[in-house]
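Enquirer: Here you go, one structure.
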Amino acid sequence: MLDVDLYYVYWMAETITPLLGLDSETPLGQFMDLIITARITLKGFQSYEALAAALPRTTQAAADLLVAIDRSLPINPETDATPFRDLTQPISKYGIEDIKNDVISFSAALRGESQHSYILKVQDQRCLSSYSLMEKMEECFSREVWSVIGEDGKKEFGECGKCLALERYTSAGFHALRGVECVIRQLLNEYHALPSKRDWGSYVDAMKKVGIDSKVTSVIDNIRALERNPLMHPEDWLDVDESIGIFTISNTAISRLAGEIKKKQAAKAATP
């Protein structure tokens, strides 16, 4: 998935299309601003890695156009901007033709690739903003809780957010529950009580044995019985509300698990 600024494509077209108005009779100086602006745009396009990856044929056409411009407007390689030639002289007829042909080729490449590109505009999912889901999942948790969660759990919730934003609701449910499991295991590791059997029933039993608050074990057991186990069956698919429901209850579980992790870490720190 590529993050592309669509306005940049519009702006690029706005700066390059006027090159079709060049002629071989007008002094170069009158076109200088137009040409330099187009050249800066093309150089920027070449360095825009996401856009170049999305539009490879357009990228090559941009490189060809840049060569045509530089051929007609020699650039000092040390300054990358200062022309050597007399600005009172026009660009040659052949130079104008090269530039215009390459502008047309650039436009054709951009049109062709744009027609066959899949562009997704993600929407907010109920009260969850698309920005938070795609880029700032930590905003869906308190700072205190997010600071406690291990990197594996953060990764799972990051994937959960992206799946929610892209309306892959069943996948979002899986990642949310995987995130909860990561933090369950993180808590049990604090107690050196991680069971050899990797299932939620064993996790609940292990937490009860080491004295984890019943508010934590109860919510984990409810998620196990009502959400996780049914979701393991291939015929079970989630809709938007069911997926957000799993995310919400997972968020509650994470908050309680994080509180228990902090309590244990504080107890360890206080032990001489």
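Going by the structure tokens order, chains are called A, B, ..., each with residues numbered from 1, while ligands are numbered from 1 in the order shown.
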Skipping near chain neighbours, those fewer than 2 positions away, what residues fall within 7 Å of A:Thr88 using only C-alpha atoms, listed as a ChimeraX atom specification?

Expert: /A:27-29,86,90

Enquirer: As a ChimeraX atom specification, please: the residues near stretch 186-190 of chain A (cut-off 9 Å, only C-alpha atoms, same-chain neighbours under 4 positions excluded).

Expert: /A:149-150,181-182,194-195,203,206-207,210,257-258,260-261,264-265

Enquirer: Quick one: write out the picked residues with C-alpha atoms as a tab-separated table (two decimals), in the first residue's frame?

Expert:
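This went into part.tsv:
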```tsv
chain	number	residue	atom	x	y	z
A	149	ILE	CA	2.02	-2.61	25.86
A	150	GLY	CA	4.87	-4.58	24.27
A	181	GLU	CA	-3.13	-12.45	23.70
A	182	CYS	CA	0.22	-10.71	23.34
A	194	LEU	CA	3.36	-18.55	31.28
A	195	PRO	CA	1.71	-21.97	30.72
A	203	TYR	CA	-4.05	-18.33	30.43
A	206	ALA	CA	-2.59	-19.28	35.22
A	207	MET	CA	-3.73	-15.73	35.99
A	210	VAL	CA	-0.99	-15.95	40.65
A	257	LEU	CA	-4.02	-6.07	31.78
A	258	ALA	CA	-1.75	-3.03	31.56
A	260	GLU	CA	-1.82	-5.44	36.38
A	261	ILE	CA	1.52	-5.28	34.55
A	264	LYS	CA	3.69	-6.15	39.22
A	265	GLN	CA	6.52	-4.02	37.86
```

Enquirer: Can you measure atom CA of A:Ser72 to atom CA of A:Glu97 for me? One decimal in Å is fine.

Expert: 10.5 Å

Enquirer: Show which residues sit within 9 Å of stretch 223-233 of chain A, as number ranges by chain. Count only C-alpha atoms, and ignore same-chain residues fewer than 4 positions away.

Expert: A: 170, 173-174, 177, 200-201, 218-219, 237-238, 246, 249-250, 253

Enquirer: Restricted to N, CA and C atoms, what would the selected residues look like written as a PDB file, in the first residue's frame?

Expert:
```
ATOM      1  N   THR A 170     -13.470  -8.975   9.667  1.00  0.00           N
ATOM      2  CA  THR A 170     -13.086 -10.231  10.324  1.00  0.00           C
ATOM      3  C   THR A 170     -11.590 -10.235  10.637  1.00  0.00           C
ATOM      4  N   GLY A 173     -10.903  -8.231  13.688  1.00  0.00           N
ATOM      5  CA  GLY A 173     -11.206  -8.980  14.906  1.00  0.00           C
ATOM      6  C   GLY A 173     -10.073  -9.919  15.295  1.00  0.00           C
ATOM      7  N   PHE A 174      -9.531 -10.622  14.310  1.00  0.00           N
ATOM      8  CA  PHE A 174      -8.396 -11.518  14.573  1.00  0.00           C
ATOM      9  C   PHE A 174      -7.225 -10.755  15.180  1.00  0.00           C
ATOM     10  N   LEU A 177      -7.774  -9.620  18.807  1.00  0.00           N
ATOM     11  CA  LEU A 177      -7.658 -10.719  19.761  1.00  0.00           C
ATOM     12  C   LEU A 177      -6.213 -11.204  19.898  1.00  0.00           C
ATOM     13  N   TRP A 200      -6.399 -19.842  25.650  1.00  0.00           N
ATOM     14  CA  TRP A 200      -6.882 -18.821  26.573  1.00  0.00           C
ATOM     15  C   TRP A 200      -7.402 -19.414  27.881  1.00  0.00           C
ATOM     16  N   GLY A 201      -7.930 -20.634  27.831  1.00  0.00           N
ATOM     17  CA  GLY A 201      -8.356 -21.274  29.064  1.00  0.00           C
ATOM     18  C   GLY A 201      -7.186 -21.448  30.016  1.00  0.00           C
ATOM     19  N   SER A 218     -12.078 -12.175  34.484  1.00  0.00           N
ATOM     20  CA  SER A 218     -13.455 -12.305  34.006  1.00  0.00           C
ATOM     21  C   SER A 218     -13.610 -11.784  32.588  1.00  0.00           C
ATOM     22  N   VAL A 219     -13.021 -10.610  32.305  1.00  0.00           N
ATOM     23  CA  VAL A 219     -13.168 -10.062  30.959  1.00  0.00           C
ATOM     24  C   VAL A 219     -12.432 -10.931  29.943  1.00  0.00           C
ATOM     25  N   TRP A 237     -18.197 -14.711  10.240  1.00  0.00           N
ATOM     26  CA  TRP A 237     -17.666 -13.475   9.654  1.00  0.00           C
ATOM     27  C   TRP A 237     -18.195 -12.295  10.460  1.00  0.00           C
ATOM     28  N   LEU A 238     -17.373 -11.258  10.585  1.00  0.00           N
ATOM     29  CA  LEU A 238     -17.776 -10.090  11.361  1.00  0.00           C
ATOM     30  C   LEU A 238     -18.237  -8.957  10.452  1.00  0.00           C
ATOM     31  N   ILE A 246     -15.565  -6.052  19.144  1.00  0.00           N
ATOM     32  CA  ILE A 246     -14.397  -6.814  19.595  1.00  0.00           C
ATOM     33  C   ILE A 246     -13.239  -5.880  19.908  1.00  0.00           C
ATOM     34  N   ILE A 249     -14.050  -4.146  23.360  1.00  0.00           N
ATOM     35  CA  ILE A 249     -13.859  -4.991  24.540  1.00  0.00           C
ATOM     36  C   ILE A 249     -12.386  -5.385  24.690  1.00  0.00           C
ATOM     37  N   SER A 250     -11.676  -5.491  23.574  1.00  0.00           N
ATOM     38  CA  SER A 250     -10.236  -5.765  23.635  1.00  0.00           C
ATOM     39  C   SER A 250      -9.508  -4.583  24.267  1.00  0.00           C
ATOM     40  N   ALA A 253      -9.957  -4.844  27.909  1.00  0.00           N
ATOM     41  CA  ALA A 253      -9.086  -5.897  28.448  1.00  0.00           C
ATOM     42  C   ALA A 253      -7.646  -5.423  28.533  1.00  0.00           C
TER      43      ALA A 253
END
```

Enquirer: So how far away is atom CA of A:Gly179 from atom CA of A:Gly153, in Å?

Expert: 4.5 Å

Enquirer: If you run DSSP on this backbone, which residues of stretch 20-237 of chain A come out as strand (DSSP E or B), and could you give them as a ChimeraX atom specification?

Expert: /A:27,75,83,90,125,128

Enquirer: Print the selection's residues with C-alpha atoms to a file, as an mmCIF file, in the first residue's frame.

Expert:
```
data_model
loop_
_atom_site.group_PDB
_atom_site.id
_atom_site.type_symbol
_atom_site.label_atom_id
_atom_site.label_comp_id
_atom_site.auth_asym_id
_atom_site.auth_seq_id
_atom_site.Cartn_x
_atom_site.Cartn_y
_atom_site.Cartn_z
ATOM 1 C CA PRO A 27 12.831 34.859 -26.446
ATOM 2 C CA ILE A 75 21.831 23.675 -16.730
ATOM 3 C CA PRO A 83 21.371 28.650 -17.560
ATOM 4 C CA PRO A 90 14.491 31.625 -28.612
ATOM 5 C CA GLN A 125 -15.591 3.575 11.191
ATOM 6 C CA LEU A 128 -13.103 5.765 15.087
#
```
